[in-house]
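Contents: one structure, followed by commentary.
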Amino acid sequence: MTNQMNNQAEKETGLPDEQQVVDYLMENPDFFLQNSLLLNDLEIPHEAGAAVSLVERQVSVLRERNKHFEEKLREMVDAVHDNQRLHVSLHRLAVNLFDADSLDDILGVVDDELRHKLGTDFVYFRLHSDDIVASNDEHTYVEKDDAVLQAFSILIEKNRIQCGHFTQEQVIQLFMDDANEVASAALIPVSNEGVYGLIALGSKDEQRYHAGMGTDFLSSLADLIGAAMQRVSAS
C-alpha cells in the first residue's frame, strides 16, 4: 500500500518511480562514472545496522569476491602440486620395483614409498603366497583361509579399491595395534599369480581417505605392484 502511495505521489510530482530509476541505471551503466560525487553521498544500510557509502559497499563486495577467487586459486595450485608429487612417486616406485627380485623386496619398496616418501601413517600387508610360509606377525603373509581375507574376499575378487570409513571391527582386523589411531583407510586388493590379499593404508586424518575421492593414484599403484609380482613369479 505504501509503495502504491509513493508511486502515486511520484506521478503527481512528475518524478520517476522506482522501476523507472532501475531501468534508467540498467540502460546507462556509466551513470556513476559521469556522476562520481554521488557515490560518496549515497548510503546503503549494512546488515549490522550501520550505513555505508556505495563506494565502501562496492569495495567490500570486491574484497569478498577476491577472497573467494584467491581460495579457489590456492586450491587449484595445491591440487597441481599434489598431482606432481604423486606422479614423481609413481615414477620412483616403478624404477625401484624394477630392481626388486622377490616378493619381500616388492613389499619393502612399496612400504618405503608409501610411509617414508608420501607420509602414509600406516601400511599393512595381508597376503597369501603359494611360495611363502605364513609369518608369525599375524599379518604380511597369512594362510589362504585367513579370516580377514575371507571377510574382504568379494572386494579382492572384484579388484575394487575401497576408501573411507570402516567399522571398528574391520579397522582392528586390518590395523591391529594401530587401530585406535586410524581415522580413515584405503584398501588395495591384490590378486595375481600365486599372490592374493590386501594392502591396507591408514591415516590419522579422517578426511585423508573418503568414499568420494579419486582412486587414479591407488589404481596405478596397484597396477605397478601387480606387474612387479608377475615378473618375480615368472623369473
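By convention here, the chains of the C-alpha cells are called A, B, ... in the order presented, each chain's residues are numbered starting at 1, and ligands are numbered starting at 1 in the order presented.
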DSSP strand (DSSP E) residues within chain A, listed as number ranges by chain | A: 43-45, 51-53, 122-129, 140-141, 162-164, 184-192, 195-203
Give me a file of those residues, with N, CA and C atoms, as a JSON list (two decimals), in the first residue's frame.
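Saved result, selection32.json, follows:
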[["chain", "number", "residue", "atom", "x", "y", "z"],
["A", 43, "GLU", "N", 24.09, 6.22, 0.56],
["A", 43, "GLU", "CA", 24.31, 5.33, 1.68],
["A", 43, "GLU", "C", 23.44, 4.08, 1.54],
["A", 44, "ILE", "N", 24.03, 2.94, 1.90],
["A", 44, "ILE", "CA", 23.32, 1.66, 1.83],
["A", 44, "ILE", "C", 23.31, 1.04, 3.22],
["A", 45, "PRO", "N", 22.16, 0.69, 3.75],
["A", 45, "PRO", "CA", 22.11, 0.07, 5.08],
["A", 45, "PRO", "C", 22.93, -1.23, 5.10],
["A", 51, "ALA", "N", 25.12, 2.51, 8.28],
["A", 51, "ALA", "CA", 25.02, 2.89, 6.87],
["A", 51, "ALA", "C", 26.43, 3.08, 6.31],
["A", 52, "VAL", "N", 26.66, 2.61, 5.08],
["A", 52, "VAL", "CA", 27.96, 2.77, 4.44],
["A", 52, "VAL", "C", 27.72, 3.39, 3.07],
["A", 53, "SER", "N", 28.74, 4.08, 2.57],
["A", 53, "SER", "CA", 28.62, 4.68, 1.25],
["A", 53, "SER", "C", 28.63, 3.59, 0.20],
["A", 122, "PHE", "N", 50.00, -45.45, 8.22],
["A", 122, "PHE", "CA", 50.05, -46.89, 8.49],
["A", 122, "PHE", "C", 49.92, -47.67, 7.18],
["A", 123, "VAL", "N", 50.81, -48.64, 7.00],
["A", 123, "VAL", "CA", 50.77, -49.51, 5.82],
["A", 123, "VAL", "C", 50.84, -50.96, 6.30],
["A", 124, "TYR", "N", 49.79, -51.71, 6.01],
["A", 124, "TYR", "CA", 49.74, -53.11, 6.43],
["A", 124, "TYR", "C", 49.51, -54.00, 5.20],
["A", 125, "PHE", "N", 50.30, -55.05, 5.11],
["A", 125, "PHE", "CA", 50.12, -56.05, 4.05],
["A", 125, "PHE", "C", 49.48, -57.29, 4.66],
["A", 126, "ARG", "N", 48.53, -57.82, 3.94],
["A", 126, "ARG", "CA", 47.92, -59.09, 4.38],
["A", 126, "ARG", "C", 47.75, -59.93, 3.13],
["A", 127, "LEU", "N", 48.74, -60.80, 2.90],
["A", 127, "LEU", "CA", 48.82, -61.53, 1.64],
["A", 127, "LEU", "C", 48.99, -63.03, 1.87],
["A", 128, "HIS", "N", 48.44, -63.78, 0.96],
["A", 128, "HIS", "CA", 48.73, -65.22, 0.92],
["A", 128, "HIS", "C", 49.54, -65.49, -0.33],
["A", 129, "SER", "N", 50.65, -66.17, -0.16],
["A", 129, "SER", "CA", 51.50, -66.54, -1.29],
["A", 129, "SER", "C", 51.72, -68.05, -1.29],
["A", 140, "THR", "N", 51.06, -59.59, 7.01],
["A", 140, "THR", "CA", 52.03, -59.71, 5.92],
["A", 140, "THR", "C", 51.77, -60.98, 5.13],
["A", 141, "TYR", "N", 52.18, -62.15, 5.64],
["A", 141, "TYR", "CA", 51.91, -63.41, 4.95],
["A", 141, "TYR", "C", 51.00, -64.27, 5.84],
["A", 162, "GLN", "N", 38.76, -49.66, -2.19],
["A", 162, "GLN", "CA", 37.73, -49.09, -1.31],
["A", 162, "GLN", "C", 38.36, -48.08, -0.37],
["A", 163, "CYS", "N", 37.76, -46.89, -0.32],
["A", 163, "CYS", "CA", 38.28, -45.82, 0.55],
["A", 163, "CYS", "C", 37.17, -45.31, 1.46],
["A", 164, "GLY", "N", 37.58, -44.79, 2.61],
["A", 164, "GLY", "CA", 36.60, -44.18, 3.51],
["A", 164, "GLY", "C", 36.71, -44.68, 4.93],
["A", 184, "SER", "N", 40.73, -42.95, 8.96],
["A", 184, "SER", "CA", 40.23, -43.29, 7.63],
["A", 184, "SER", "C", 41.21, -44.26, 6.99],
["A", 185, "ALA", "N", 40.73, -44.98, 5.99],
["A", 185, "ALA", "CA", 41.57, -46.03, 5.41],
["A", 185, "ALA", "C", 41.25, -46.26, 3.94],
["A", 186, "ALA", "N", 42.20, -46.89, 3.25],
["A", 186, "ALA", "CA", 42.01, -47.31, 1.86],
["A", 186, "ALA", "C", 42.52, -48.73, 1.73],
["A", 187, "LEU", "N", 41.79, -49.55, 0.99],
["A", 187, "LEU", "CA", 42.18, -50.94, 0.78],
["A", 187, "LEU", "C", 42.47, -51.17, -0.70],
["A", 188, "ILE", "N", 43.64, -51.73, -0.96],
["A", 188, "ILE", "CA", 44.05, -52.05, -2.34],
["A", 188, "ILE", "C", 44.08, -53.56, -2.47],
["A", 189, "PRO", "N", 43.22, -54.13, -3.29],
["A", 189, "PRO", "CA", 43.20, -55.58, -3.46],
["A", 189, "PRO", "C", 44.40, -56.07, -4.28],
["A", 190, "VAL", "N", 44.89, -57.26, -3.95],
["A", 190, "VAL", "CA", 45.99, -57.88, -4.69],
["A", 190, "VAL", "C", 45.54, -59.26, -5.12],
["A", 191, "SER", "N", 45.53, -59.51, -6.40],
["A", 191, "SER", "CA", 45.13, -60.82, -6.90],
["A", 191, "SER", "C", 45.92, -61.11, -8.17],
["A", 192, "ASN", "N", 47.09, -61.73, -7.98],
["A", 192, "ASN", "CA", 47.97, -62.06, -9.09],
["A", 192, "ASN", "C", 48.37, -63.52, -8.99],
["A", 195, "VAL", "N", 49.68, -64.89, -5.62],
["A", 195, "VAL", "CA", 49.58, -63.92, -4.52],
["A", 195, "VAL", "C", 48.15, -63.39, -4.45],
["A", 196, "TYR", "N", 47.61, -63.37, -3.23],
["A", 196, "TYR", "CA", 46.21, -62.99, -3.04],
["A", 196, "TYR", "C", 46.09, -62.25, -1.71],
["A", 197, "GLY", "N", 45.46, -61.07, -1.71],
["A", 197, "GLY", "CA", 45.29, -60.39, -0.43],
["A", 197, "GLY", "C", 44.99, -58.91, -0.53],
["A", 198, "LEU", "N", 45.47, -58.16, 0.48],
["A", 198, "LEU", "CA", 45.15, -56.74, 0.60],
["A", 198, "LEU", "C", 46.37, -55.94, 1.03],
["A", 199, "ILE", "N", 46.39, -54.70, 0.59],
["A", 199, "ILE", "CA", 47.29, -53.70, 1.15],
["A", 199, "ILE", "C", 46.41, -52.64, 1.79],
["A", 200, "ALA", "N", 46.57, -52.45, 3.09],
["A", 200, "ALA", "CA", 45.72, -51.51, 3.83],
["A", 200, "ALA", "C", 46.51, -50.26, 4.18],
["A", 201, "LEU", "N", 45.97, -49.10, 3.79],
["A", 201, "LEU", "CA", 46.58, -47.82, 4.10],
["A", 201, "LEU", "C", 45.71, -47.11, 5.12],
["A", 202, "GLY", "N", 46.31, -46.66, 6.20],
["A", 202, "GLY", "CA", 45.56, -45.99, 7.25],
["A", 202, "GLY", "C", 46.08, -44.59, 7.51],
["A", 203, "SER", "N", 45.18, -43.70, 7.89],
["A", 203, "SER", "CA", 45.56, -42.32, 8.18],
["A", 203, "SER", "C", 44.93, -41.84, 9.48]]
So that I can check the surroundings of Asp216 (chain A), please list as a JSON list (two decimals) with C-alpha atoms, in the first residue's frame every protein, DNA and RNA residue that reaches within 12 Å of it, counting only C-alpha atoms and ignoring chain neighbours fewer than 3 positions away.
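Saved result, selection_17.json, follows:
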[["chain", "number", "residue", "atom", "x", "y", "z"],
["A", 83, "ASN", "CA", 49.38, -34.35, -8.65],
["A", 86, "LEU", "CA", 52.09, -38.35, -6.93],
["A", 87, "HIS", "CA", 53.43, -38.51, -10.48],
["A", 90, "LEU", "CA", 54.79, -43.43, -9.26],
["A", 161, "ILE", "CA", 39.69, -50.29, -4.33],
["A", 188, "ILE", "CA", 44.05, -52.05, -2.34],
["A", 213, "MET", "CA", 37.89, -39.39, -3.53],
["A", 219, "SER", "CA", 44.86, -47.86, -9.18],
["A", 220, "SER", "CA", 48.20, -47.04, -10.80],
["A", 221, "LEU", "CA", 49.95, -48.15, -7.64],
["A", 222, "ALA", "CA", 48.08, -51.46, -7.74],
["A", 223, "ASP", "CA", 48.99, -51.95, -11.42]]
Looking only at the backbone, which of the residues in region 46-212 of chain A does DSSP tag as alpha helix (DSSP H), as a PyMOL selection string?
-> chain A and resi 54-99+103-111+147-151+153-157+168-175
Can you tell me, as an NGL selection string, what residues are no more than 9 Å from region 91-95 of chain A when counting only C-alpha atoms, ignoring any on the same chain fewer than 6 positions away?
-> :A and (109-110 or 113 or 221 or 224-225 or 228)
